[in-house]
>>> print(open('target-v2.cif').read())   # mmCIF, C-alpha atoms
data_structure
#
loop_
_atom_site.group_PDB
_atom_site.id
_atom_site.type_symbol
_atom_site.label_atom_id
_atom_site.label_comp_id
_atom_site.auth_asym_id
_atom_site.auth_seq_id
_atom_site.Cartn_x
_atom_site.Cartn_y
_atom_site.Cartn_z
ATOM 1 C CA MET A 1 -1.110 -6.759 -14.737
ATOM 2 C CA ASN A 2 -1.230 -10.476 -15.185
ATOM 3 C CA LEU A 3 -2.407 -13.225 -12.947
ATOM 4 C CA GLU A 4 0.977 -14.901 -12.618
ATOM 5 C CA GLU A 5 2.468 -11.803 -11.052
ATOM 6 C CA LEU A 6 -0.420 -11.579 -8.629
ATOM 7 C CA LYS A 7 -0.010 -15.197 -7.626
ATOM 8 C CA LYS A 8 3.608 -14.534 -6.729
ATOM 9 C CA LEU A 9 2.267 -11.901 -4.369
ATOM 10 C CA LYS A 10 0.914 -14.550 -2.021
ATOM 11 C CA ALA A 11 4.216 -16.324 -1.611
ATOM 12 C CA LYS A 12 5.997 -13.040 -1.170
ATOM 13 C CA ALA A 13 3.555 -11.642 1.371
ATOM 14 C CA GLN A 14 3.846 -14.889 3.286
ATOM 15 C CA ARG A 15 7.603 -14.479 3.595
ATOM 16 C CA GLN A 16 7.108 -10.945 4.820
ATOM 17 C CA VAL A 17 4.679 -12.182 7.443
ATOM 18 C CA ALA A 18 7.287 -14.699 8.579
ATOM 19 C CA LEU A 19 9.956 -12.017 8.747
ATOM 20 C CA ARG A 20 8.168 -9.727 11.129
ATOM 21 C CA GLU A 21 7.581 -12.073 14.041
ATOM 22 C CA GLY A 22 9.284 -11.376 17.340
ATOM 23 C CA SER A 23 11.162 -8.271 18.389
ATOM 24 C CA LYS A 24 13.875 -7.101 16.057
ATOM 25 C CA LYS A 25 17.142 -5.265 16.376
ATOM 26 C CA TYR A 26 16.257 -2.839 13.617
ATOM 27 C CA ARG A 27 12.975 -1.293 12.609
ATOM 28 C CA VAL A 28 12.828 0.562 9.325
ATOM 29 C CA VAL A 29 9.966 3.037 8.976
ATOM 30 C CA VAL A 30 9.236 4.211 5.444
ATOM 31 C CA SER A 31 7.366 7.494 5.025
ATOM 32 C CA MET A 32 4.468 6.567 2.751
ATOM 33 C CA GLY A 33 2.275 9.641 2.611
ATOM 34 C CA THR A 34 1.197 11.242 -0.644
ATOM 35 C CA SER A 35 4.480 13.105 -1.054
ATOM 36 C CA GLY A 36 6.554 10.045 -0.249
ATOM 37 C CA ILE A 37 4.668 7.878 -2.709
ATOM 38 C CA ALA A 38 4.984 10.508 -5.423
ATOM 39 C CA ALA A 39 8.737 10.659 -4.830
ATOM 40 C CA GLY A 40 9.183 6.890 -5.071
ATOM 41 C CA ALA A 41 8.828 5.601 -1.504
ATOM 42 C CA ARG A 42 7.097 2.445 -2.654
ATOM 43 C CA GLU A 43 10.015 1.462 -4.874
ATOM 44 C CA VAL A 44 12.456 2.241 -2.056
ATOM 45 C CA MET A 45 10.481 0.055 0.283
ATOM 46 C CA LYS A 46 10.197 -2.784 -2.212
ATOM 47 C CA THR A 47 13.924 -2.690 -2.855
ATOM 48 C CA MET A 48 14.628 -2.811 0.859
ATOM 49 C CA LEU A 49 12.287 -5.766 1.405
ATOM 50 C CA ASP A 50 13.894 -7.629 -1.491
ATOM 51 C CA GLU A 51 17.385 -6.825 -0.325
ATOM 52 C CA ILE A 52 16.677 -7.778 3.292
ATOM 53 C CA GLU A 53 15.286 -11.075 2.084
ATOM 54 C CA LYS A 54 18.170 -11.680 -0.295
ATOM 55 C CA ARG A 55 20.710 -11.102 2.434
ATOM 56 C CA GLY A 56 18.744 -13.214 4.889
ATOM 57 C CA LEU A 57 18.575 -10.454 7.515
ATOM 58 C CA GLU A 58 16.110 -11.696 10.079
ATOM 59 C CA ASP A 59 16.634 -9.031 12.686
ATOM 60 C CA VAL A 60 14.960 -6.271 10.681
ATOM 61 C CA GLU A 61 11.329 -5.306 10.349
ATOM 62 C CA VAL A 62 9.956 -2.833 7.858
ATOM 63 C CA ARG A 63 6.984 -0.643 8.657
ATOM 64 C CA VAL A 64 5.243 2.267 7.011
ATOM 65 C CA ALA A 65 4.221 5.668 8.306
ATOM 66 C CA GLY A 66 2.172 8.488 6.828
ATOM 67 C CA GLU A 67 3.559 11.933 6.140
ATOM 68 C CA VAL A 68 6.439 12.684 8.495
ATOM 69 C CA GLY A 69 6.775 16.377 7.717
ATOM 70 C CA LEU A 70 9.815 16.052 5.437
ATOM 71 C CA GLU A 71 7.980 16.479 2.125
ATOM 72 C CA ASP A 72 10.818 18.349 0.459
ATOM 73 C CA VAL A 73 13.373 15.578 0.921
ATOM 74 C CA GLU A 74 11.253 12.489 0.233
ATOM 75 C CA PRO A 75 11.628 9.526 -0.025
ATOM 76 C CA VAL A 76 12.518 9.349 3.643
ATOM 77 C CA ILE A 77 13.122 6.370 5.906
ATOM 78 C CA ARG A 78 13.969 6.143 9.565
ATOM 79 C CA VAL A 79 16.062 3.335 10.990
ATOM 80 C CA GLU A 80 15.324 2.696 14.658
ATOM 81 C CA GLU A 81 17.623 0.498 16.682
ATOM 82 C CA ALA A 82 16.567 -1.622 19.604
ATOM 83 C CA GLY A 83 18.713 0.594 21.869
ATOM 84 C CA GLY A 84 16.639 3.640 20.928
ATOM 85 C CA GLU A 85 18.990 5.256 18.434
ATOM 86 C CA LYS A 86 17.271 6.690 15.375
ATOM 87 C CA THR A 87 18.740 7.645 12.031
ATOM 88 C CA THR A 88 16.803 9.422 9.290
ATOM 89 C CA TYR A 89 17.801 8.948 5.669
ATOM 90 C CA ALA A 90 16.468 11.273 2.987
ATOM 91 C CA ARG A 91 16.346 11.801 -0.789
ATOM 92 C CA LEU A 92 16.580 8.086 -1.343
ATOM 93 C CA ASP A 93 16.381 5.963 -4.442
ATOM 94 C CA THR A 94 16.662 2.240 -4.948
ATOM 95 C CA GLU A 95 20.479 2.276 -5.130
ATOM 96 C CA LYS A 96 20.783 4.228 -1.890
ATOM 97 C CA ALA A 97 18.252 1.920 -0.274
ATOM 98 C CA LYS A 98 20.390 -1.084 -1.170
ATOM 99 C CA LYS A 99 23.402 0.619 0.327
ATOM 100 C CA ILE A 100 21.594 1.286 3.597
ATOM 101 C CA VAL A 101 20.581 -2.367 3.841
ATOM 102 C CA ALA A 102 24.116 -3.547 3.119
ATOM 103 C CA GLU A 103 25.870 -1.096 5.429
ATOM 104 C CA HIS A 104 23.545 -0.131 8.246
ATOM 105 C CA LEU A 105 21.232 -3.117 8.572
ATOM 106 C CA GLU A 106 23.754 -5.829 7.794
ATOM 107 C CA LYS A 107 27.038 -4.450 9.156
ATOM 108 C CA GLY A 108 25.648 -1.961 11.675
ATOM 109 C CA LYS A 109 27.541 0.906 10.055
ATOM 110 C CA LYS A 110 25.580 4.096 9.506
ATOM 111 C CA VAL A 111 25.667 5.645 6.045
ATOM 112 C CA ASP A 112 26.593 9.152 7.110
ATOM 113 C CA ASN A 113 26.402 10.845 3.725
ATOM 114 C CA LEU A 114 22.746 9.860 3.315
ATOM 115 C CA ALA A 115 21.635 10.635 6.855
ATOM 116 C CA ILE A 116 20.033 13.936 7.768
ATOM 117 C CA GLY A 117 19.455 15.788 11.020
ATOM 118 C CA LYS A 118 21.049 15.313 14.374
ATOM 119 C CA GLU A 119 21.631 11.914 15.835
ATOM 120 C CA LYS A 120 19.156 10.998 18.501
ATOM 121 C CA LYS A 121 21.073 9.115 21.136
ATOM 122 C CA PRO A 122 19.159 7.059 23.647
ATOM 123 C CA GLU A 123 18.666 8.883 26.927
ATOM 124 C CA MET B 1 1.234 13.378 -10.294
ATOM 125 C CA PHE B 2 1.283 9.623 -9.904
ATOM 126 C CA ASP B 3 2.346 7.752 -12.989
ATOM 127 C CA GLU B 4 0.773 4.466 -11.886
ATOM 128 C CA LEU B 5 -2.772 3.728 -10.789
ATOM 129 C CA SER B 6 -1.414 1.375 -8.153
ATOM 130 C CA LEU B 7 0.274 4.372 -6.509
ATOM 131 C CA HIS B 8 -3.137 6.048 -6.271
ATOM 132 C CA ILE B 9 -4.450 2.884 -4.662
ATOM 133 C CA LEU B 10 -1.600 2.847 -2.152
ATOM 134 C CA ASP B 11 -2.173 6.495 -1.325
ATOM 135 C CA VAL B 12 -5.908 6.163 -0.780
ATOM 136 C CA ALA B 13 -5.501 2.941 1.200
ATOM 137 C CA MET B 14 -2.914 4.611 3.463
ATOM 138 C CA ASN B 15 -5.732 7.000 4.421
ATOM 139 C CA SER B 16 -7.824 3.982 5.350
ATOM 140 C CA LEU B 17 -5.072 2.794 7.677
ATOM 141 C CA ALA B 18 -4.776 6.275 9.162
ATOM 142 C CA ALA B 19 -8.526 6.124 9.818
ATOM 143 C CA GLY B 20 -8.029 3.041 11.975
ATOM 144 C CA ALA B 21 -9.502 0.504 9.564
ATOM 145 C CA ARG B 22 -9.295 -3.192 10.469
ATOM 146 C CA THR B 23 -10.127 -4.321 6.961
ATOM 147 C CA VAL B 24 -9.207 -2.653 3.689
ATOM 148 C CA GLN B 25 -10.779 -4.158 0.590
ATOM 149 C CA ILE B 26 -9.298 -3.182 -2.724
ATOM 150 C CA MET B 27 -11.016 -4.113 -5.928
ATOM 151 C CA VAL B 28 -9.549 -3.632 -9.377
ATOM 152 C CA ALA B 29 -11.737 -4.639 -12.308
ATOM 153 C CA GLU B 30 -10.530 -4.370 -15.869
ATOM 154 C CA HIS B 31 -13.296 -5.016 -18.360
ATOM 155 C CA ALA B 32 -11.913 -4.536 -21.835
ATOM 156 C CA ARG B 33 -15.201 -5.421 -23.512
ATOM 157 C CA ARG B 34 -16.965 -2.619 -21.746
ATOM 158 C CA ASP B 35 -13.949 -0.311 -21.945
ATOM 159 C CA ARG B 36 -14.085 0.198 -18.224
ATOM 160 C CA LEU B 37 -11.639 0.093 -15.371
ATOM 161 C CA THR B 38 -13.047 0.253 -11.868
ATOM 162 C CA ILE B 39 -11.003 0.797 -8.741
ATOM 163 C CA ARG B 40 -12.666 0.580 -5.373
ATOM 164 C CA ILE B 41 -11.112 0.987 -1.953
ATOM 165 C CA GLN B 42 -13.423 0.156 0.909
ATOM 166 C CA ASP B 43 -12.555 0.365 4.595
ATOM 167 C CA ASP B 44 -14.182 0.090 7.992
ATOM 168 C CA GLY B 45 -12.316 3.043 9.431
ATOM 169 C CA ARG B 46 -13.806 5.928 11.306
ATOM 170 C CA GLY B 47 -15.328 7.556 8.233
ATOM 171 C CA MET B 48 -15.881 11.240 7.532
ATOM 172 C CA ASP B 49 -18.837 13.555 7.963
ATOM 173 C CA GLY B 50 -20.124 15.757 5.161
ATOM 174 C CA GLU B 51 -18.060 18.797 6.096
ATOM 175 C CA MET B 52 -14.841 16.814 6.333
ATOM 176 C CA LEU B 53 -15.541 15.077 3.053
ATOM 177 C CA ARG B 54 -16.122 18.395 1.320
ATOM 178 C CA ARG B 55 -12.806 19.712 2.592
ATOM 179 C CA VAL B 56 -10.932 16.579 1.602
ATOM 180 C CA LEU B 57 -12.343 16.627 -1.903
ATOM 181 C CA ALA B 58 -11.481 20.282 -2.320
ATOM 182 C CA GLY B 59 -7.909 19.047 -2.583
ATOM 183 C CA SER B 60 -4.801 21.106 -2.373
ATOM 184 C CA VAL B 61 -6.541 24.004 -0.639
ATOM 185 C CA THR B 62 -6.689 21.991 2.537
ATOM 186 C CA THR B 63 -3.494 19.985 2.401
ATOM 187 C CA LYS B 64 -1.463 22.318 4.542
ATOM 188 C CA ARG B 65 -4.015 22.448 7.289
ATOM 189 C CA PHE B 66 -4.433 18.698 7.342
ATOM 190 C CA ARG B 67 -0.890 17.756 6.500
ATOM 191 C CA LYS B 68 -0.289 16.081 9.823
ATOM 192 C CA LYS B 69 -3.115 13.685 9.112
ATOM 193 C CA SER B 70 -1.859 13.086 5.602
ATOM 194 C CA ILE B 71 -5.242 13.480 3.992
ATOM 195 C CA GLY B 72 -6.437 16.024 1.507
ATOM 196 C CA LEU B 73 -4.428 15.728 -1.632
ATOM 197 C CA GLY B 74 -4.635 12.026 -2.378
ATOM 198 C CA LEU B 75 -8.342 11.795 -3.135
ATOM 199 C CA ALA B 76 -8.231 14.965 -5.195
ATOM 200 C CA LEU B 77 -5.448 13.484 -7.293
ATOM 201 C CA LEU B 78 -7.371 10.291 -7.936
ATOM 202 C CA ARG B 79 -10.448 12.295 -8.869
ATOM 203 C CA GLN B 80 -8.383 14.296 -11.306
ATOM 204 C CA THR B 81 -7.011 11.137 -12.912
ATOM 205 C CA ALA B 82 -10.455 9.514 -13.127
ATOM 206 C CA GLU B 83 -12.104 12.563 -14.642
ATOM 207 C CA MET B 84 -9.239 13.062 -17.057
ATOM 208 C CA CYS B 85 -9.738 9.496 -18.292
ATOM 209 C CA GLY B 86 -13.425 9.761 -19.101
ATOM 210 C CA GLY B 87 -14.536 8.297 -15.801
ATOM 211 C CA LYS B 88 -16.197 9.112 -12.536
ATOM 212 C CA PHE B 89 -15.120 9.432 -8.960
ATOM 213 C CA GLU B 90 -17.268 8.788 -5.913
ATOM 214 C CA VAL B 91 -16.715 8.774 -2.181
ATOM 215 C CA HIS B 92 -19.241 7.412 0.251
ATOM 216 C CA SER B 93 -18.432 7.816 3.894
ATOM 217 C CA THR B 94 -20.335 7.295 7.115
ATOM 218 C CA PRO B 95 -18.799 8.350 10.432
ATOM 219 C CA GLY B 96 -18.115 5.282 12.541
ATOM 220 C CA VAL B 97 -18.818 2.876 9.693
ATOM 221 C CA GLY B 98 -16.223 3.439 7.006
ATOM 222 C CA THR B 99 -15.407 4.940 3.656
ATOM 223 C CA THR B 100 -15.720 3.663 0.118
ATOM 224 C CA VAL B 101 -13.823 5.340 -2.694
ATOM 225 C CA THR B 102 -14.744 4.323 -6.232
ATOM 226 C CA ALA B 103 -13.060 5.540 -9.396
ATOM 227 C CA THR B 104 -14.021 4.432 -12.875
ATOM 228 C CA MET B 105 -12.046 5.147 -16.016
ATOM 229 C CA LYS B 106 -12.173 4.287 -19.673
ATOM 230 C CA LEU B 107 -9.766 1.397 -20.047
ATOM 231 C CA LEU B 108 -8.736 2.478 -23.526
ATOM 232 C CA HIS B 109 -8.435 6.167 -22.737
ATOM 233 C CA VAL B 110 -5.212 7.572 -24.132
ATOM 234 C CA ASP B 111 -4.344 9.317 -20.855
ATOM 235 C CA LEU B 112 -4.962 6.321 -18.615
ATOM 236 C CA PRO B 113 -1.866 5.627 -16.502
ATOM 237 C CA PRO B 114 -0.753 1.988 -16.351
ATOM 238 C CA LEU B 115 -1.932 -0.038 -13.396
ATOM 239 C CA GLY B 116 1.717 -0.528 -12.474
ATOM 240 C CA ASP B 117 3.105 -2.636 -9.698
ATOM 241 C CA LEU B 118 0.026 -3.666 -7.764
ATOM 242 C CA ASN B 119 2.082 -6.259 -5.879
ATOM 243 C CA ALA B 120 4.357 -3.619 -4.415
ATOM 244 C CA THR B 121 1.320 -1.627 -3.345
ATOM 245 C CA ILE B 122 -0.225 -4.584 -1.524
ATOM 246 C CA LEU B 123 3.081 -5.549 0.104
ATOM 247 C CA ALA B 124 3.582 -2.003 1.331
ATOM 248 C CA LEU B 125 0.096 -2.015 2.849
ATOM 249 C CA CYS B 126 0.676 -5.390 4.510
ATOM 250 C CA ALA B 127 3.896 -4.103 6.031
ATOM 251 C CA ALA B 128 2.272 -0.836 7.044
ATOM 252 C CA ASN B 129 0.135 -2.521 9.626
ATOM 253 C CA PRO B 130 0.231 -6.295 10.100
ATOM 254 C CA GLU B 131 -2.936 -6.180 12.198
ATOM 255 C CA VAL B 132 -5.020 -4.945 9.286
ATOM 256 C CA ASP B 133 -6.561 -7.389 6.848
ATOM 257 C CA VAL B 134 -5.571 -6.124 3.416
ATOM 258 C CA GLN B 135 -7.692 -7.702 0.711
ATOM 259 C CA LEU B 136 -7.332 -7.499 -3.025
ATOM 260 C CA ASP B 137 -9.823 -8.640 -5.617
ATOM 261 C CA TYR B 138 -8.581 -8.399 -9.158
ATOM 262 C CA LEU B 139 -11.116 -9.095 -11.885
ATOM 263 C CA SER B 140 -10.875 -8.984 -15.635
ATOM 264 C CA ASP B 141 -12.781 -10.464 -18.549
ATOM 265 C CA MET B 142 -10.656 -13.589 -18.333
ATOM 266 C CA GLU B 143 -9.239 -13.832 -14.839
ATOM 267 C CA ARG B 144 -9.939 -13.303 -11.210
ATOM 268 C CA PHE B 145 -7.711 -13.309 -8.164
ATOM 269 C CA HIS B 146 -8.333 -12.931 -4.462
ATOM 270 C CA PHE B 147 -5.801 -12.072 -1.805
ATOM 271 C CA SER B 148 -6.194 -11.522 1.914
ATOM 272 C CA SER B 149 -3.314 -10.851 4.291
ATOM 273 C CA LYS B 150 -5.305 -12.187 7.220
ATOM 274 C CA GLU B 151 -5.837 -15.525 5.528
ATOM 275 C CA LEU B 152 -2.095 -15.778 4.997
ATOM 276 C CA ALA B 153 -1.392 -15.116 8.657
ATOM 277 C CA GLU B 154 -3.975 -17.664 9.747
ATOM 278 C CA LYS B 155 -2.687 -20.244 7.336
ATOM 279 C CA LYS B 156 0.792 -19.710 8.606
ATOM 280 C CA ALA B 157 -0.248 -20.049 12.233
ATOM 281 C CA SER B 158 -1.817 -23.414 11.493
ATOM 282 C CA SER B 159 1.202 -24.737 9.585
ATOM 283 C CA ARG B 160 4.557 -25.656 11.056
ATOM 284 C CA PRO B 161 6.261 -22.577 12.515
ATOM 285 C CA GLY B 162 9.030 -20.979 10.559
ATOM 286 C CA LYS B 163 9.164 -23.327 7.594
ATOM 287 C CA PHE B 164 7.046 -23.280 4.520
ATOM 288 C CA ARG B 165 7.606 -23.805 0.848
ATOM 289 C CA ASP B 166 6.320 -21.607 -1.926
ATOM 290 C CA GLY B 167 4.403 -24.511 -3.349
ATOM 291 C CA GLU B 168 2.397 -24.894 -0.194
ATOM 292 C CA GLU B 169 0.178 -21.952 -0.786
ATOM 293 C CA LYS B 170 -3.077 -22.737 -2.471
ATOM 294 C CA THR B 171 -5.509 -20.537 -4.252
ATOM 295 C CA ASN B 172 -8.277 -20.176 -1.764
ATOM 296 C CA TYR B 173 -11.139 -18.046 -2.844
ATOM 297 C CA GLU B 174 -13.715 -16.977 -0.380
ATOM 298 C CA PRO B 175 -16.709 -18.230 -2.271
ATOM 299 C CA GLY B 176 -19.103 -15.811 -0.587
ATOM 300 C CA ARG B 177 -17.053 -12.739 -1.270
ATOM 301 C CA THR B 178 -16.139 -13.606 -4.812
ATOM 302 C CA GLN B 179 -19.753 -14.314 -5.633
ATOM 303 C CA LYS B 180 -20.749 -10.977 -4.281
ATOM 304 C CA VAL B 181 -18.294 -9.244 -6.554
ATOM 305 C CA GLU B 182 -19.413 -11.426 -9.418
ATOM 306 C CA SER B 183 -23.051 -10.598 -9.022
ATOM 307 C CA GLU B 184 -22.217 -6.918 -8.721
ATOM 308 C CA SER B 185 -20.300 -6.898 -11.942
ATOM 309 C CA ALA B 186 -22.996 -9.006 -13.588
ATOM 310 C CA ALA B 187 -25.556 -6.438 -12.524
ATOM 311 C CA ALA B 188 -23.346 -3.671 -13.818
ATOM 312 C CA GLY B 189 -23.087 -5.616 -17.048
ATOM 313 C CA CYS B 190 -26.842 -5.622 -17.465
ATOM 314 C CA LEU B 191 -26.960 -1.891 -16.931
ATOM 315 C CA ALA B 192 -24.190 -1.167 -19.347
#
>>> encode(input="target-v2.cif", output="structure tokens")
Amino acid sequence: MNLEELKKLKAKAQRQVALREGSKKYRVVVSMGTSGIAAGAREVMKTMLDEIEKRGLEDVEVRVAGEVGLEDVEPVIRVEEAGGEKTTYARLDTEKAKKIVAEHLEKGKKVDNLAIGKEKKPE
Amino acid sequence: MFDELSLHILDVAMNSLAAGARTVQIMVAEHARRDRLTIRIQDDGRGMDGEMLRRVLAGSVTTKRFRKKSIGLGLALLRQTAEMCGGKFEVHSTPGVGTTVTATMKLLHVDLPPLGDLNATILALCAANPEVDVQLDYLSDMERFHFSSKELAEKKASSRPGKFRDGEEKTNYEPGRTQKVESESAAAGCLA
């Protein structure tokens, strides 16, 4: 760990603070319990934050949850849309995370081969 | 289990958030001269009573029962890492007041995992709950660094909305807090 890296943290955290103001179209919830962290959830989350910033997506917020009960398929994220639709993606890595940002969060197209479970349509 | 110490920190601090903490203070002190690494995570969450603490520290035995609350395994893992690296592990908790987790390790121990990406850990915690003030104090023989997510938010609120440059941010130590840490480590130095 060096001090330069830590100093960059401030600028970066500041941009994240700016990003999460107001209500967003998409909310990404990363499962960050012990099992998620062990499986690489932090790297998935970091990649998504970087990618969202790089693509200038302002209508997305990223949050974190504890264990979500899907320990065997971690890292897991859930994408919630403003309309109420929820998609759960599992067994992620940084490459898959990038794909989800590019497809789902930027173009609004779900990545079906990474999604698990049944679609939850808004009632 | 975790190949970076910063993942341990993230895991333990997530428990603090789950306990409803408003402030999470993380301290990482690397003192090469004394061959000591200290990690402390302090929160003002709801705390644990003696029985709960005993169960949590027992580790994997209780994880299934407490899985929904996502506590149980994390502290046991950190204890394992600390004890494996010639160090000590302590938890102090008072119901209604908060919890302090302290792990010390030998900095030069051959099994010591790297500190890893502390930035990613802090960013994840900031994103986890924007209402919580996540603080980091990093100390070493040569350097010190203080970070507080609340200060960032306040600074931003007082500046022009929406626009800011990277260069705008200044290093702003909280003199009181830093001194406190300083005097603690100085005291520890005398003891050592």
>>> interface_residues(input="target-v2.cif", of="chain A", to="chain B", cutoff="10 Å", atoms="all atoms listed in the file", output="PyMOL selection string")
chain A and resi 1-21+29-43+45-47+49+61-69+71
>>> atom_distance(input="target-v2.cif", atom1="atom CA of Phe89 of chain B", atom2="atom CA of Glu51 of chain B")
18.0 Å
>>> residues_around(input="target-v2.cif", residues="Asp59 of chain A", least_positions_apart="6", cutoff="7 Å", atoms="only C-alpha atoms", output="list in words")
Lys24, Lys25 and Tyr26 of chain A
>>> atom_distance(input="target-v2.cif", atom1="atom CA of Asp44 of chain B", atom2="atom CA of Val91 of chain B")
13.6 Å
>>> resolve_selection(input="target-v2.cif", expression="the PyMOL selection byres ((chain B and resi 45) around 6)", output="list in words")
Ala19, Gly20, Ala21, Asp43, Asp44, Arg46, Gly47 and Gly98 of chain B
>>> resolve_selection(input="target-v2.cif", expression="the PyMOL selection byres ((chain B and resi 106) around 6)", output="PyMOL selection string")
chain B and resi 35-36+85-86+105+107-109
>>> write_last_selection(input="target-v2.cif", atoms="C-alpha atoms", output="PDB file, in the frame of the given file")
ATOM      1  CA  ASP B  35     -13.949  -0.311 -21.945  1.00  0.00           C
ATOM      2  CA  ARG B  36     -14.085   0.198 -18.224  1.00  0.00           C
ATOM      3  CA  CYS B  85      -9.738   9.496 -18.292  1.00  0.00           C
ATOM      4  CA  GLY B  86     -13.425   9.761 -19.101  1.00  0.00           C
ATOM      5  CA  MET B 105     -12.046   5.147 -16.016  1.00  0.00           C
ATOM      6  CA  LEU B 107      -9.766   1.397 -20.047  1.00  0.00           C
ATOM      7  CA  LEU B 108      -8.736   2.478 -23.526  1.00  0.00           C
ATOM      8  CA  HIS B 109      -8.435   6.167 -22.737  1.00  0.00           C
TER       9      HIS B 109
END
>>> atom_distance(input="target-v2.cif", atom1="atom CA of Glu74 of chain A", atom2="atom CA of Thr100 of chain B")
28.4 Å
>>> closest_residue(input="target-v2.cif", among="A:Ile52, A:Ile116, A:Leu92, A:Val73", to="His104 of chain A", atoms="only C-alpha atoms")
A:Ile52
>>> resolve_selection(input="target-v2.cif", expression="the PyMOL selection byres ((chain B and resi 42) around 7)", output="NGL selection string")
:B and (24-26 or 40-41 or 43 or 99-101)
>>> closest_residue(input="target-v2.cif", among="B:Val56, B:Glu131, B:Gly50, B:Leu37", to="Thr104 of chain B", atoms="only C-alpha atoms")
B:Leu37
>>> closest_residue(input="target-v2.cif", among="A:Val28, A:Ile77, A:Val60, A:Ala82", to="Lys96 of chain A", atoms="only C-alpha atoms")
A:Ile77
>>> closest_residue(input="target-v2.cif", among="A:Glu58, A:Asp72, A:Glu81, A:Glu51", to="Thr94 of chain A", atoms="only C-alpha atoms")
A:Glu51
